[in-house]
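Enquirer: So here's coords.cif (mmCIF, C-alpha atoms).
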```
data_upload
loop_
_atom_site.label_atom_id
_atom_site.label_comp_id
_atom_site.auth_asym_id
_atom_site.auth_seq_id
_atom_site.Cartn_x
_atom_site.Cartn_y
_atom_site.Cartn_z
CA MET A 1 33.74 -50.07 -7.46
CA SER A 2 35.26 -53.51 -7.02
CA ALA A 3 35.36 -55.95 -9.93
CA ILE A 4 32.45 -57.92 -8.47
CA GLU A 5 30.37 -54.76 -8.06
CA ILE A 6 31.04 -53.78 -11.67
CA TRP A 7 29.90 -57.19 -12.95
CA VAL A 8 26.79 -57.08 -10.73
CA THR A 9 26.06 -53.59 -12.08
CA THR A 10 26.59 -54.79 -15.67
CA ILE A 11 24.19 -57.71 -15.24
CA GLY A 12 21.69 -55.35 -13.59
CA LEU A 13 22.00 -52.90 -16.51
CA ALA A 14 21.46 -55.76 -18.97
CA LEU A 15 18.30 -56.81 -17.10
CA VAL A 16 16.99 -53.23 -16.93
CA THR A 17 17.53 -52.85 -20.69
CA PHE A 18 16.02 -56.24 -21.47
CA ILE A 19 12.92 -55.49 -19.39
CA THR A 20 12.31 -51.97 -20.74
CA ARG A 21 12.89 -52.94 -24.39
CA ASN A 22 10.58 -55.96 -24.10
CA PHE A 23 7.96 -54.58 -21.72
CA PHE A 24 4.98 -54.57 -24.09
CA ILE A 25 6.59 -57.01 -26.51
CA VAL A 26 6.00 -59.61 -23.79
CA LEU A 27 2.86 -58.15 -22.19
CA GLY A 28 1.20 -57.57 -25.57
CA ASP A 29 -1.81 -55.32 -25.90
CA ALA A 30 -3.50 -56.68 -22.76
CA VAL A 31 -2.43 -53.55 -20.86
CA ARG A 32 -2.76 -50.02 -22.24
CA LEU A 33 -0.87 -47.11 -20.72
CA PRO A 34 -2.89 -43.93 -20.15
CA GLU A 35 -1.86 -41.03 -22.40
CA ARG A 36 -0.54 -39.07 -19.42
CA VAL A 37 1.73 -41.89 -18.25
CA GLN A 38 3.09 -42.21 -21.79
CA HIS A 39 3.96 -38.52 -21.77
CA ALA A 40 5.72 -38.86 -18.40
CA LEU A 41 7.74 -41.82 -19.72
CA ARG A 42 8.82 -39.67 -22.66
CA TYR A 43 10.00 -36.77 -20.48
CA ALA A 44 11.82 -38.93 -17.92
CA PRO A 45 15.00 -39.77 -19.91
CA ALA A 46 15.80 -36.10 -20.70
CA CYS A 47 15.36 -35.24 -16.99
CA ALA A 48 17.67 -38.06 -15.90
CA LEU A 49 20.38 -37.17 -18.42
CA THR A 50 20.29 -33.47 -17.50
CA ALA A 51 20.37 -34.30 -13.78
CA LEU A 52 23.47 -36.43 -14.39
CA ILE A 53 25.32 -33.77 -16.37
CA ALA A 54 24.38 -30.58 -14.47
CA PRO A 55 26.39 -31.03 -11.22
CA ASP A 56 29.48 -31.98 -13.21
CA VAL A 57 29.22 -28.95 -15.51
CA LEU A 58 27.66 -26.19 -13.37
CA ALA A 59 29.47 -26.78 -10.07
CA GLN A 60 33.04 -27.23 -8.86
CA ASN A 61 33.90 -28.50 -5.36
CA GLY A 62 30.28 -28.29 -4.27
CA ALA A 63 29.63 -24.65 -5.26
CA TRP A 64 28.08 -23.09 -8.36
CA ALA A 65 30.76 -22.36 -10.96
CA ILE A 66 29.08 -20.21 -13.59
CA GLY A 67 31.73 -18.45 -15.65
CA LEU A 68 34.11 -18.69 -18.56
CA ALA A 69 36.89 -19.99 -16.29
CA ASN A 70 35.01 -23.28 -15.87
CA PRO A 71 36.30 -25.48 -18.74
CA LYS A 72 33.46 -27.99 -18.46
CA LEU A 73 30.80 -25.26 -18.66
CA VAL A 74 32.41 -23.69 -21.73
CA GLY A 75 32.82 -27.11 -23.35
CA ALA A 76 29.19 -27.97 -22.64
CA LEU A 77 27.91 -24.63 -23.99
CA ILE A 78 29.91 -24.98 -27.21
CA ALA A 79 28.64 -28.58 -27.53
CA ILE A 80 25.03 -27.44 -27.07
CA LEU A 81 25.37 -24.65 -29.64
CA THR A 82 27.05 -27.02 -32.12
CA MET A 83 24.36 -29.67 -31.67
CA LEU A 84 21.55 -27.14 -32.12
CA ALA A 85 23.20 -25.63 -35.21
CA THR A 86 24.38 -28.80 -36.98
CA ARG A 87 22.57 -31.84 -35.42
CA ASN A 88 25.92 -33.52 -36.01
CA THR A 89 27.21 -35.72 -33.20
CA LEU A 90 30.80 -35.85 -34.43
CA ALA A 91 31.05 -32.04 -34.73
CA THR A 92 29.43 -31.69 -31.30
CA MET A 93 31.95 -34.04 -29.69
CA ALA A 94 34.92 -32.45 -31.49
CA LEU A 95 34.07 -28.80 -30.76
CA GLY A 96 32.85 -29.45 -27.20
CA MET A 97 36.04 -31.33 -26.31
CA SER A 98 38.25 -28.72 -28.07
CA ALA A 99 36.64 -25.86 -26.14
CA PHE A 100 37.13 -27.81 -22.89
CA PHE A 101 40.82 -28.46 -23.62
CA LEU A 102 41.39 -24.85 -24.70
CA VAL A 103 39.91 -23.27 -21.57
CA ARG A 104 41.65 -25.81 -19.34
CA ALA A 105 45.01 -24.98 -20.98
CA LEU A 106 44.44 -21.22 -20.57
CA ALA A 107 43.16 -21.38 -16.98
CA MET B 1 25.83 -62.70 -51.45
CA ILE B 2 24.16 -64.09 -48.32
CA PRO B 3 23.33 -67.84 -48.59
CA LEU B 4 19.61 -68.41 -49.08
CA HIS B 5 19.46 -71.40 -46.73
CA TRP B 6 20.27 -69.10 -43.78
CA PHE B 7 16.71 -67.86 -44.13
CA GLY B 8 14.92 -71.22 -43.85
CA GLY B 9 14.13 -74.27 -46.02
CA ASN B 10 11.12 -72.83 -47.86
CA ALA B 11 12.72 -71.22 -50.94
CA SER B 12 10.06 -68.59 -51.74
CA LEU B 13 9.76 -67.52 -48.10
CA ALA B 14 13.56 -67.47 -47.78
CA HIS B 15 13.74 -65.09 -50.75
CA VAL B 16 11.26 -62.71 -49.13
CA ARG B 17 13.19 -62.84 -45.86
CA ARG B 18 16.58 -62.33 -47.46
CA ASP B 19 15.39 -59.41 -49.61
CA ALA B 20 13.85 -57.72 -46.54
CA PHE B 21 17.01 -58.38 -44.48
CA ILE B 22 19.22 -56.84 -47.17
CA ALA B 23 16.83 -53.88 -47.52
CA GLY B 24 17.16 -53.35 -43.76
CA LEU B 25 20.96 -53.47 -43.92
CA TRP B 26 20.96 -50.93 -46.78
CA ARG B 27 18.61 -48.66 -44.90
CA ALA B 28 20.91 -48.76 -41.85
CA LEU B 29 24.08 -48.18 -43.86
CA PRO B 30 24.14 -44.34 -44.01
CA SER B 31 23.64 -44.18 -40.24
CA LEU B 32 26.23 -46.76 -39.37
CA PHE B 33 28.91 -44.05 -39.37
CA ALA B 34 27.08 -42.22 -36.57
CA THR B 35 26.51 -45.52 -34.77
CA GLY B 36 30.22 -46.21 -35.05
CA ILE B 37 31.14 -42.82 -33.57
CA TRP B 38 28.86 -43.54 -30.61
CA GLY B 39 30.38 -46.99 -30.23
CA ILE B 40 33.92 -45.58 -30.11
CA VAL B 41 32.94 -42.80 -27.68
CA THR B 42 31.18 -45.27 -25.39
CA GLY B 43 34.11 -47.69 -25.56
CA VAL B 44 36.60 -44.95 -24.63
CA ALA B 45 34.28 -43.66 -21.88
CA MET B 46 33.94 -47.10 -20.29
CA VAL B 47 37.71 -47.59 -20.06
CA LYS B 48 38.29 -44.00 -18.87
CA SER B 49 35.74 -44.63 -16.09
CA GLY B 50 37.98 -47.31 -14.65
CA LEU B 51 36.50 -50.45 -16.22
CA SER B 52 39.07 -53.01 -17.34
CA PRO B 53 38.97 -53.81 -21.08
CA LEU B 54 37.30 -57.16 -20.26
CA GLN B 55 34.66 -55.50 -18.07
CA ALA B 56 34.03 -52.85 -20.73
CA ALA B 57 33.65 -55.46 -23.49
CA GLY B 58 31.31 -57.45 -21.23
CA MET B 59 29.20 -54.36 -20.58
CA SER B 60 29.01 -53.57 -24.29
CA LEU B 61 27.95 -57.12 -25.23
CA LEU B 62 25.51 -57.69 -22.37
CA VAL B 63 23.89 -54.27 -22.03
CA PHE B 64 23.88 -52.88 -25.62
CA ALA B 65 22.31 -49.57 -24.57
CA GLY B 66 24.67 -46.64 -25.15
CA SER B 67 22.62 -44.09 -23.24
CA ALA B 68 22.17 -46.34 -20.19
CA GLN B 69 25.87 -47.29 -20.26
CA LEU B 70 27.00 -43.66 -20.54
CA ALA B 71 24.58 -42.64 -17.77
CA ALA B 72 25.90 -45.39 -15.48
CA LEU B 73 29.58 -44.46 -15.91
CA PRO B 74 29.79 -41.21 -13.88
CA LEU B 75 27.85 -42.94 -11.10
CA ILE B 76 30.25 -45.90 -11.13
CA VAL B 77 33.16 -43.43 -10.89
CA ALA B 78 31.45 -41.65 -7.97
CA HIS B 79 30.96 -44.99 -6.13
CA ALA B 80 27.19 -44.52 -6.09
CA PRO B 81 25.24 -47.49 -4.69
CA ILE B 82 24.34 -50.07 -7.33
CA TRP B 83 20.60 -49.45 -6.89
CA VAL B 84 21.07 -45.76 -7.77
CA VAL B 85 23.00 -46.74 -10.92
CA LEU B 86 20.28 -49.19 -11.96
CA LEU B 87 17.44 -46.79 -11.13
CA THR B 88 19.09 -44.06 -13.24
CA ALA B 89 19.56 -46.46 -16.16
CA LEU B 90 15.92 -47.52 -15.78
CA VAL B 91 14.72 -43.92 -16.07
CA VAL B 92 16.97 -43.29 -19.07
CA ASN B 93 15.55 -46.48 -20.65
CA LEU B 94 11.89 -45.67 -19.97
CA ARG B 95 11.44 -44.47 -23.55
CA PHE B 96 11.92 -48.09 -24.66
CA VAL B 97 8.71 -49.04 -22.82
CA ILE B 98 6.80 -46.76 -25.21
CA PHE B 99 8.75 -48.13 -28.17
CA SER B 100 7.92 -51.72 -27.15
CA ALA B 101 4.18 -51.00 -27.29
CA ALA B 102 4.53 -49.62 -30.83
CA LEU B 103 6.72 -52.54 -31.96
CA TYR B 104 4.47 -55.27 -30.56
CA PRO B 105 2.01 -55.46 -33.52
CA TYR B 106 4.91 -56.19 -35.89
CA LEU B 107 6.43 -58.90 -33.69
CA LYS B 108 3.38 -60.58 -32.19
CA LYS B 109 3.32 -63.52 -34.62
CA LEU B 110 6.84 -64.57 -33.57
CA PRO B 111 7.48 -67.12 -30.82
CA LEU B 112 8.27 -65.41 -27.50
CA ARG B 113 11.96 -66.34 -27.56
CA ARG B 114 12.57 -64.67 -30.93
CA ARG B 115 10.36 -61.74 -30.04
CA VAL B 116 12.40 -60.84 -26.94
CA LEU B 117 15.71 -61.37 -28.75
CA LEU B 118 14.67 -58.97 -31.52
CA GLY B 119 13.17 -56.56 -28.99
CA TYR B 120 16.40 -56.60 -27.00
CA ILE B 121 18.60 -55.61 -29.97
CA THR B 122 16.17 -52.97 -31.29
CA ALA B 123 17.37 -49.66 -29.83
CA ASP B 124 16.44 -46.08 -30.78
CA PHE B 125 17.66 -46.26 -34.37
CA GLY B 126 16.09 -49.60 -35.30
CA PHE B 127 12.82 -48.44 -33.81
CA ALA B 128 12.81 -45.09 -35.64
CA VAL B 129 13.66 -46.65 -39.01
CA GLY B 130 11.17 -49.51 -38.62
CA MET B 131 8.33 -47.19 -37.66
CA ALA B 132 9.11 -44.78 -40.51
CA ARG B 133 9.07 -47.68 -42.99
CA TRP B 134 5.79 -49.20 -41.73
CA ILE B 135 3.79 -46.03 -41.27
CA ASN B 136 1.25 -46.94 -43.99
CA VAL B 137 0.91 -50.66 -43.22
CA PRO B 138 -2.72 -51.56 -42.35
CA ALA B 139 -3.21 -53.12 -38.90
CA GLU B 140 -4.16 -56.59 -40.20
CA GLU B 141 -0.98 -56.88 -42.33
CA ARG B 142 1.49 -56.04 -39.56
CA GLY B 143 4.00 -58.69 -38.64
CA ALA B 144 4.54 -60.12 -42.14
CA PRO B 145 7.95 -61.78 -42.72
CA GLU B 146 9.19 -58.75 -44.68
CA HIS B 147 8.48 -56.48 -41.70
CA ILE B 148 10.28 -58.72 -39.26
CA TRP B 149 13.30 -59.34 -41.49
CA PHE B 150 13.65 -55.68 -42.38
CA LEU B 151 13.94 -55.00 -38.65
CA VAL B 152 16.42 -57.88 -38.27
CA GLY B 153 18.54 -56.20 -40.98
CA VAL B 154 18.41 -52.72 -39.43
CA ALA B 155 18.82 -53.79 -35.80
CA GLY B 156 21.28 -56.60 -36.54
CA GLY B 157 23.50 -54.35 -38.67
CA THR B 158 23.44 -51.66 -35.99
CA TRP B 159 24.22 -54.22 -33.28
CA PHE B 160 27.22 -55.55 -35.19
CA VAL B 161 28.74 -52.13 -35.94
CA TRP B 162 28.11 -50.98 -32.36
CA GLN B 163 29.95 -53.98 -30.90
CA VAL B 164 32.93 -53.72 -33.26
CA THR B 165 33.37 -49.97 -32.73
CA SER B 166 32.90 -50.29 -28.95
CA ILE B 167 35.78 -52.77 -28.86
CA LEU B 168 37.79 -50.31 -30.99
CA GLY B 169 36.99 -47.55 -28.47
CA ILE B 170 38.01 -49.82 -25.59
CA VAL B 171 41.37 -50.51 -27.24
CA LEU B 172 41.90 -46.82 -28.06
CA GLY B 173 40.82 -45.70 -24.59
CA ALA B 174 43.32 -48.04 -22.95
CA GLN B 175 46.17 -46.33 -24.89
CA VAL B 176 45.28 -42.76 -23.89
CA PRO B 177 46.56 -41.38 -20.54
CA SER B 178 43.82 -40.36 -18.09
CA ALA B 179 45.46 -36.94 -17.65
CA TRP B 180 44.14 -35.97 -21.09
CA GLY B 181 40.74 -35.48 -19.50
CA LEU B 182 38.91 -37.69 -21.99
CA ASP B 183 36.37 -38.50 -19.26
CA PHE B 184 34.73 -35.20 -20.20
CA ALA B 185 33.75 -37.00 -23.42
CA THR B 186 31.12 -38.83 -21.34
CA VAL B 187 29.51 -35.51 -20.42
CA VAL B 188 29.52 -34.24 -24.02
CA ALA B 189 28.12 -37.56 -25.23
CA LEU B 190 25.31 -37.42 -22.64
CA LEU B 191 24.57 -33.84 -23.75
CA ALA B 192 24.35 -34.90 -27.39
CA LEU B 193 21.95 -37.67 -26.33
CA ALA B 194 19.78 -35.42 -24.16
CA LEU B 195 19.33 -32.47 -26.55
CA PRO B 196 17.22 -34.23 -29.22
CA MET B 197 14.95 -35.51 -26.42
CA ILE B 198 14.19 -31.92 -25.38
CA SER B 199 11.82 -31.28 -28.26
CA ASN B 200 8.96 -29.35 -26.61
CA SER B 201 8.33 -26.98 -23.71
CA PRO B 202 7.35 -29.59 -21.06
CA ALA B 203 10.56 -31.50 -21.80
CA LEU B 204 12.59 -28.26 -21.59
CA ILE B 205 11.06 -27.17 -18.27
CA GLY B 206 11.52 -30.70 -16.90
CA ALA B 207 15.16 -30.87 -17.93
CA VAL B 208 15.99 -27.39 -16.56
CA THR B 209 14.26 -28.20 -13.26
CA ALA B 210 16.08 -31.53 -12.99
CA GLY B 211 19.41 -29.84 -13.70
CA ILE B 212 18.96 -27.10 -11.07
CA ILE B 213 17.74 -29.51 -8.37
CA ALA B 214 20.62 -31.86 -9.18
CA VAL B 215 23.18 -29.10 -8.48
CA LEU B 216 21.38 -27.86 -5.33
CA ALA B 217 20.99 -31.37 -3.93
CA ALA B 218 24.38 -32.70 -5.06
CA SER B 219 25.66 -32.98 -1.48
CA LEU B 220 22.96 -35.43 -0.39
CA PRO B 221 24.39 -38.86 0.48
CA LEU B 222 24.08 -41.91 -1.83
CA ARG B 223 23.51 -39.61 -4.79
CA LEU B 224 19.94 -39.16 -3.61
CA GLY B 225 20.13 -35.65 -5.09
CA LEU B 226 20.00 -37.30 -8.50
CA VAL B 227 16.85 -39.22 -7.58
CA ALA B 228 15.24 -36.06 -6.20
CA ALA B 229 16.21 -34.11 -9.33
CA VAL B 230 14.66 -36.68 -11.68
CA ILE B 231 11.41 -36.76 -9.67
CA ALA B 232 11.27 -32.94 -9.61
CA GLY B 233 12.00 -32.78 -13.34
CA ILE B 234 9.26 -35.25 -14.33
CA THR B 235 6.80 -33.48 -12.00
CA ALA B 236 7.58 -30.09 -13.56
CA ALA B 237 7.34 -31.49 -17.10
CA MET B 238 3.95 -33.06 -16.34
CA ALA B 239 2.67 -29.84 -14.73
CA VAL B 240 3.46 -27.96 -17.96
CA ASP B 241 2.07 -30.83 -20.06
CA VAL B 242 -1.25 -30.76 -18.18
CA ALA B 243 -1.43 -26.95 -18.28
CA LEU B 244 -0.85 -26.91 -22.06
CA GLU B 245 -3.48 -29.60 -22.56
CA LYS B 246 -6.05 -27.55 -20.62
CA LYS B 247 -5.19 -24.48 -22.66
CA HIS B 248 -5.73 -26.35 -25.94
CA ALA B 249 -8.87 -28.16 -24.78
#
```
Would you mind writing the structure in this file as structure tokens?

Expert:
Amino acid sequence: MSAIEIWVTTIGLALVTFITRNFFIVLGDAVRLPERVQHALRYAPACALTALIAPDVLAQNGAWAIGLANPKLVGALIAILTMLATRNTLATMALGMSAFFLVRALA
Amino acid sequence: MIPLHWFGGNASLAHVRRDAFIAGLWRALPSLFATGIWGIVTGVAMVKSGLSPLQAAGMSLLVFAGSAQLAALPLIVAHAPIWVVLLTALVVNLRFVIFSAALYPYLKKLPLRRRVLLGYITADFGFAVGMARWINVPAEERGAPEHIWFLVGVAGGTWFVWQVTSILGIVLGAQVPSAWGLDFATVVALLALALPMISNSPALIGAVTAGIIAVLAASLPLRLGLVAAVIAGITAAMAVDVALEKKHA
């Protein structure tokens, strides 16, 4: 992206954050969201984050790359296991990155 | 320690405000280490995604949403259209819409300008801590000065540490050669963000569906595969949600 595009994106991101954080803080309790919509809003972020990560981790050059020779997949798996076992972000980052570097060095 | 007159001219009210503010800061303190790690990771990730240090600092100060920033970075690298970047950040931020409804009763007595400023700097952590603290407050007492100033302490302390450590990450990131492959840190950081959100079976089915569709549809132009994956994921999650509700009804 050009410098202008990055600044436009930044201002857009700021607006998106401002609007979502203040949605009902400005609207007040005049509008109530149905239970089902609230559930959908809760599931959406996990879907978006997974959709962002998956192609980077599970595919290489446009094809599935499931195997121990894929450094990003190994790094991601180790990160997932660490996070589930410890709930510790620092350990997750450290072990996930180490596994990635290790497999990349061996491959 | 902190001058009383910063909290207004009325001495007794200023005492209440200052005590609540300091209580908020103390409550945030043990978590500020984790906040700082996130700040550094996000700072490094921004620079490693090709943002100049000035652009990265501007993004940190203006956006102040680690998950939305981290989600935007791979799309910026991939030259996705700006509307796709913003739509993705919007979906990642949707949880804040729910938070804002829960926060409103505590902020409603404030003038609009202060309300939106405090709402803007209250991210996941400030929300979680505030709600945990106020769980037993009766509806008619919500929004007292001690509630508001406790939140100012938690959210303000988090904001400050986040900004300082982001700048630190930006400086560090600029020193490290790109060949090290530190851009993978963005992926690991996004994983660490996503996992705690996958706390029940609808969320799990939704995330798995979104991931599979994202890989299958990755070749679509304009990163439309991402949009399709998110829609498929939410649809799958809601299908499971509705089915479970029927089973329990």

Enquirer: Identify, on the basis of all atoms listed in the file, every residue whose closest approach to A:Asn88 does not exceed 10 Å; exclude the query and any residue fewer than 6 positions from it along the same chain; express the result as a count of residues only.

Expert: 3

Enquirer: For atom CA of B:Val92 and atom CA of A:Leu58, determine how far apart the two atoms are, in Å to one decimal place.

Expert: 21.0 Å

Enquirer: What's around stretch 56-72 of chain B at 8 Å? Count only C-alpha atoms, leave out sequence neighbours fewer than 4 positions away in its own chain, and write the answer as a VMD selection string.

Expert: (chain A and resid 10 to 11 13 to 15 17 49 52) or (chain B and resid 38 to 39 42 to 43 45 to 47 51 to 52 76 85 to 86 88 to 90 92 to 93 121 123 159 163 166 to 167 170 186 189 to 190 193)

Enquirer: Near stretch 219-235 of chain B, within 6 Å and counting all atoms listed in the file, which residues show up once chain neighbours fewer than 5 positions away are dropped, as a list in words?

Expert: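 Skipping anything fewer than 5 positions along the chain leaves Ala44, Cys47 and Ala48 of chain A; Ala80, Gly206, Ala207, Thr209, Ala210, Ile213 and Ala214 of chain B.
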
Enquirer: Check which residues of chain A sit at most 7 Å from chain B using only C-alpha atoms, and return one row each with the closest pair of atoms and their distance in Å to one decimal, ordered by chain and rising number, as JSON lines.

Expert:
```
{"residue": "A:Met1", "atom": "CA", "partner": "B:His79", "partner_atom": "CA", "distance": 5.9}
{"residue": "A:Thr9", "atom": "CA", "partner": "B:Ile82", "partner_atom": "CA", "distance": 6.2}
{"residue": "A:Thr10", "atom": "CA", "partner": "B:Met59", "partner_atom": "CA", "distance": 5.6}
{"residue": "A:Gly12", "atom": "CA", "partner": "B:Leu86", "partner_atom": "CA", "distance": 6.5}
{"residue": "A:Leu13", "atom": "CA", "partner": "B:Val63", "partner_atom": "CA", "distance": 6.0}
{"residue": "A:Ala14", "atom": "CA", "partner": "B:Val63", "partner_atom": "CA", "distance": 4.2}
{"residue": "A:Val16", "atom": "CA", "partner": "B:Leu90", "partner_atom": "CA", "distance": 5.9}
{"residue": "A:Thr17", "atom": "CA", "partner": "B:Val63", "partner_atom": "CA", "distance": 6.7}
{"residue": "A:Phe18", "atom": "CA", "partner": "B:Tyr120", "partner_atom": "CA", "distance": 5.6}
{"residue": "A:Thr20", "atom": "CA", "partner": "B:Val97", "partner_atom": "CA", "distance": 5.1}
{"residue": "A:Arg21", "atom": "CA", "partner": "B:Phe96", "partner_atom": "CA", "distance": 5.0}
{"residue": "A:Asn22", "atom": "CA", "partner": "B:Gly119", "partner_atom": "CA", "distance": 5.6}
{"residue": "A:Phe23", "atom": "CA", "partner": "B:Val97", "partner_atom": "CA", "distance": 5.7}
{"residue": "A:Phe24", "atom": "CA", "partner": "B:Ala101", "partner_atom": "CA", "distance": 4.9}
{"residue": "A:Ile25", "atom": "CA", "partner": "B:Tyr104", "partner_atom": "CA", "distance": 4.9}
{"residue": "A:Gly28", "atom": "CA", "partner": "B:Tyr104", "partner_atom": "CA", "distance": 6.4}
{"residue": "A:Gln38", "atom": "CA", "partner": "B:Ile98", "partner_atom": "CA", "distance": 6.8}
{"residue": "A:Ala40", "atom": "CA", "partner": "B:Met238", "partner_atom": "CA", "distance": 6.4}
{"residue": "A:Leu41", "atom": "CA", "partner": "B:Leu94", "partner_atom": "CA", "distance": 5.7}
{"residue": "A:Arg42", "atom": "CA", "partner": "B:Arg95", "partner_atom": "CA", "distance": 5.5}
{"residue": "A:Tyr43", "atom": "CA", "partner": "B:Ala203", "partner_atom": "CA", "distance": 5.5}
{"residue": "A:Ala44", "atom": "CA", "partner": "B:Ile234", "partner_atom": "CA", "distance": 5.7}
{"residue": "A:Pro45", "atom": "CA", "partner": "B:Val92", "partner_atom": "CA", "distance": 4.1}
{"residue": "A:Ala46", "atom": "CA", "partner": "B:Ala194", "partner_atom": "CA", "distance": 5.3}
{"residue": "A:Cys47", "atom": "CA", "partner": "B:Ala207", "partner_atom": "CA", "distance": 4.5}
{"residue": "A:Ala48", "atom": "CA", "partner": "B:Val230", "partner_atom": "CA", "distance": 5.4}
{"residue": "A:Leu49", "atom": "CA", "partner": "B:Ala194", "partner_atom": "CA", "distance": 6.0}
{"residue": "A:Thr50", "atom": "CA", "partner": "B:Gly211", "partner_atom": "CA", "distance": 5.3}
{"residue": "A:Ala51", "atom": "CA", "partner": "B:Gly211", "partner_atom": "CA", "distance": 4.6}
{"residue": "A:Leu52", "atom": "CA", "partner": "B:Leu226", "partner_atom": "CA", "distance": 6.9}
{"residue": "A:Ile53", "atom": "CA", "partner": "B:Val187", "partner_atom": "CA", "distance": 6.1}
{"residue": "A:Ala54", "atom": "CA", "partner": "B:Gly211", "partner_atom": "CA", "distance": 5.1}
{"residue": "A:Pro55", "atom": "CA", "partner": "B:Val215", "partner_atom": "CA", "distance": 4.6}
{"residue": "A:Ala59", "atom": "CA", "partner": "B:Val215", "partner_atom": "CA", "distance": 6.9}
{"residue": "A:Ala76", "atom": "CA", "partner": "B:Val188", "partner_atom": "CA", "distance": 6.4}
{"residue": "A:Ala79", "atom": "CA", "partner": "B:Val188", "partner_atom": "CA", "distance": 6.7}
{"residue": "A:Met83", "atom": "CA", "partner": "B:Ala192", "partner_atom": "CA", "distance": 6.8}
{"residue": "A:Thr89", "atom": "CA", "partner": "B:Ala192", "partner_atom": "CA", "distance": 6.5}
{"residue": "A:Met93", "atom": "CA", "partner": "B:Val188", "partner_atom": "CA", "distance": 6.2}
{"residue": "A:Gly96", "atom": "CA", "partner": "B:Val188", "partner_atom": "CA", "distance": 6.6}
{"residue": "A:Met97", "atom": "CA", "partner": "B:Ala185", "partner_atom": "CA", "distance": 6.8}
```

Enquirer: As an exercise, work out the distance from atom CA of B:Leu244 to atom CA of A:Val37 in Å and give it to one decimal place.

Expert: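 That distance, rounded to one decimal, is 15.7 Å.
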
Enquirer: Restrict the calculation to all atoms listed in the file, then for each residue of stretch 153-202 of chain B with any atom at most 12 Å from an atom of stretch 19-25 of chain B give the closest atom pair and their distance in Å to one decimal, rows by chain and rising residue number, as JSON lines.

Expert:
```
{"residue": "B:Gly153", "atom": "CA", "partner": "B:Gly24", "partner_atom": "CA", "distance": 4.2}
{"residue": "B:Val154", "atom": "CA", "partner": "B:Gly24", "partner_atom": "CA", "distance": 4.6}
{"residue": "B:Ala155", "atom": "CA", "partner": "B:Gly24", "partner_atom": "CA", "distance": 8.1}
{"residue": "B:Gly156", "atom": "CA", "partner": "B:Leu25", "partner_atom": "CA", "distance": 8.0}
{"residue": "B:Gly157", "atom": "CA", "partner": "B:Leu25", "partner_atom": "CA", "distance": 5.9}
{"residue": "B:Thr158", "atom": "CA", "partner": "B:Leu25", "partner_atom": "CA", "distance": 8.5}
{"residue": "B:Trp159", "atom": "CA", "partner": "B:Leu25", "partner_atom": "CA", "distance": 11.2}
{"residue": "B:Phe160", "atom": "CA", "partner": "B:Leu25", "partner_atom": "CA", "distance": 10.9}
{"residue": "B:Val161", "atom": "CA", "partner": "B:Leu25", "partner_atom": "CA", "distance": 11.2}
```

Enquirer: So what do you get for atom CA of B:Leu13 versus atom CA of B:Trp149, distance-wise?

Expert: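 Pair atom CA of B:Leu13 / atom CA of B:Trp149 returns 11.1 Å.
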
Enquirer: As a PDB file, in the frame of the given file, could you write out stretch 104-114 of chain B once it has been completed with N, CA and C atoms?

Expert:
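Produced file rebuild-v8.pdb, reproduced below:
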```pdb
ATOM      1  N   TYR B 104       5.154 -54.000 -30.808  1.00  0.00           N
ATOM      2  CA  TYR B 104       4.470 -55.270 -30.560  1.00  0.00           C
ATOM      3  C   TYR B 104       3.656 -55.786 -31.752  1.00  0.00           C
ATOM      4  N   PRO B 105       2.832 -54.934 -32.420  1.00  0.00           N
ATOM      5  CA  PRO B 105       2.010 -55.460 -33.520  1.00  0.00           C
ATOM      6  C   PRO B 105       2.836 -56.109 -34.636  1.00  0.00           C
ATOM      7  N   TYR B 106       4.078 -55.662 -34.809  1.00  0.00           N
ATOM      8  CA  TYR B 106       4.910 -56.190 -35.890  1.00  0.00           C
ATOM      9  C   TYR B 106       5.609 -57.486 -35.472  1.00  0.00           C
ATOM     10  N   LEU B 107       5.698 -57.734 -34.176  1.00  0.00           N
ATOM     11  CA  LEU B 107       6.430 -58.900 -33.690  1.00  0.00           C
ATOM     12  C   LEU B 107       5.522 -59.980 -33.131  1.00  0.00           C
ATOM     13  N   LYS B 108       4.220 -59.698 -33.007  1.00  0.00           N
ATOM     14  CA  LYS B 108       3.380 -60.580 -32.190  1.00  0.00           C
ATOM     15  C   LYS B 108       3.222 -61.982 -32.750  1.00  0.00           C
ATOM     16  N   LYS B 109       3.473 -62.177 -34.058  1.00  0.00           N
ATOM     17  CA  LYS B 109       3.320 -63.520 -34.620  1.00  0.00           C
ATOM     18  C   LYS B 109       4.539 -64.403 -34.338  1.00  0.00           C
ATOM     19  N   LEU B 110       5.631 -63.799 -33.853  1.00  0.00           N
ATOM     20  CA  LEU B 110       6.840 -64.570 -33.570  1.00  0.00           C
ATOM     21  C   LEU B 110       6.707 -65.318 -32.254  1.00  0.00           C
ATOM     22  N   PRO B 111       7.426 -66.473 -32.133  1.00  0.00           N
ATOM     23  CA  PRO B 111       7.480 -67.120 -30.820  1.00  0.00           C
ATOM     24  C   PRO B 111       8.165 -66.194 -29.811  1.00  0.00           C
ATOM     25  N   LEU B 112       7.799 -66.331 -28.537  1.00  0.00           N
ATOM     26  CA  LEU B 112       8.270 -65.410 -27.500  1.00  0.00           C
ATOM     27  C   LEU B 112       9.789 -65.253 -27.492  1.00  0.00           C
ATOM     28  N   ARG B 113      10.499 -66.368 -27.655  1.00  0.00           N
ATOM     29  CA  ARG B 113      11.960 -66.340 -27.560  1.00  0.00           C
ATOM     30  C   ARG B 113      12.555 -65.410 -28.624  1.00  0.00           C
ATOM     31  N   ARG B 114      12.047 -65.517 -29.853  1.00  0.00           N
ATOM     32  CA  ARG B 114      12.570 -64.670 -30.930  1.00  0.00           C
ATOM     33  C   ARG B 114      12.120 -63.231 -30.757  1.00  0.00           C
TER      34      ARG B 114
END
```
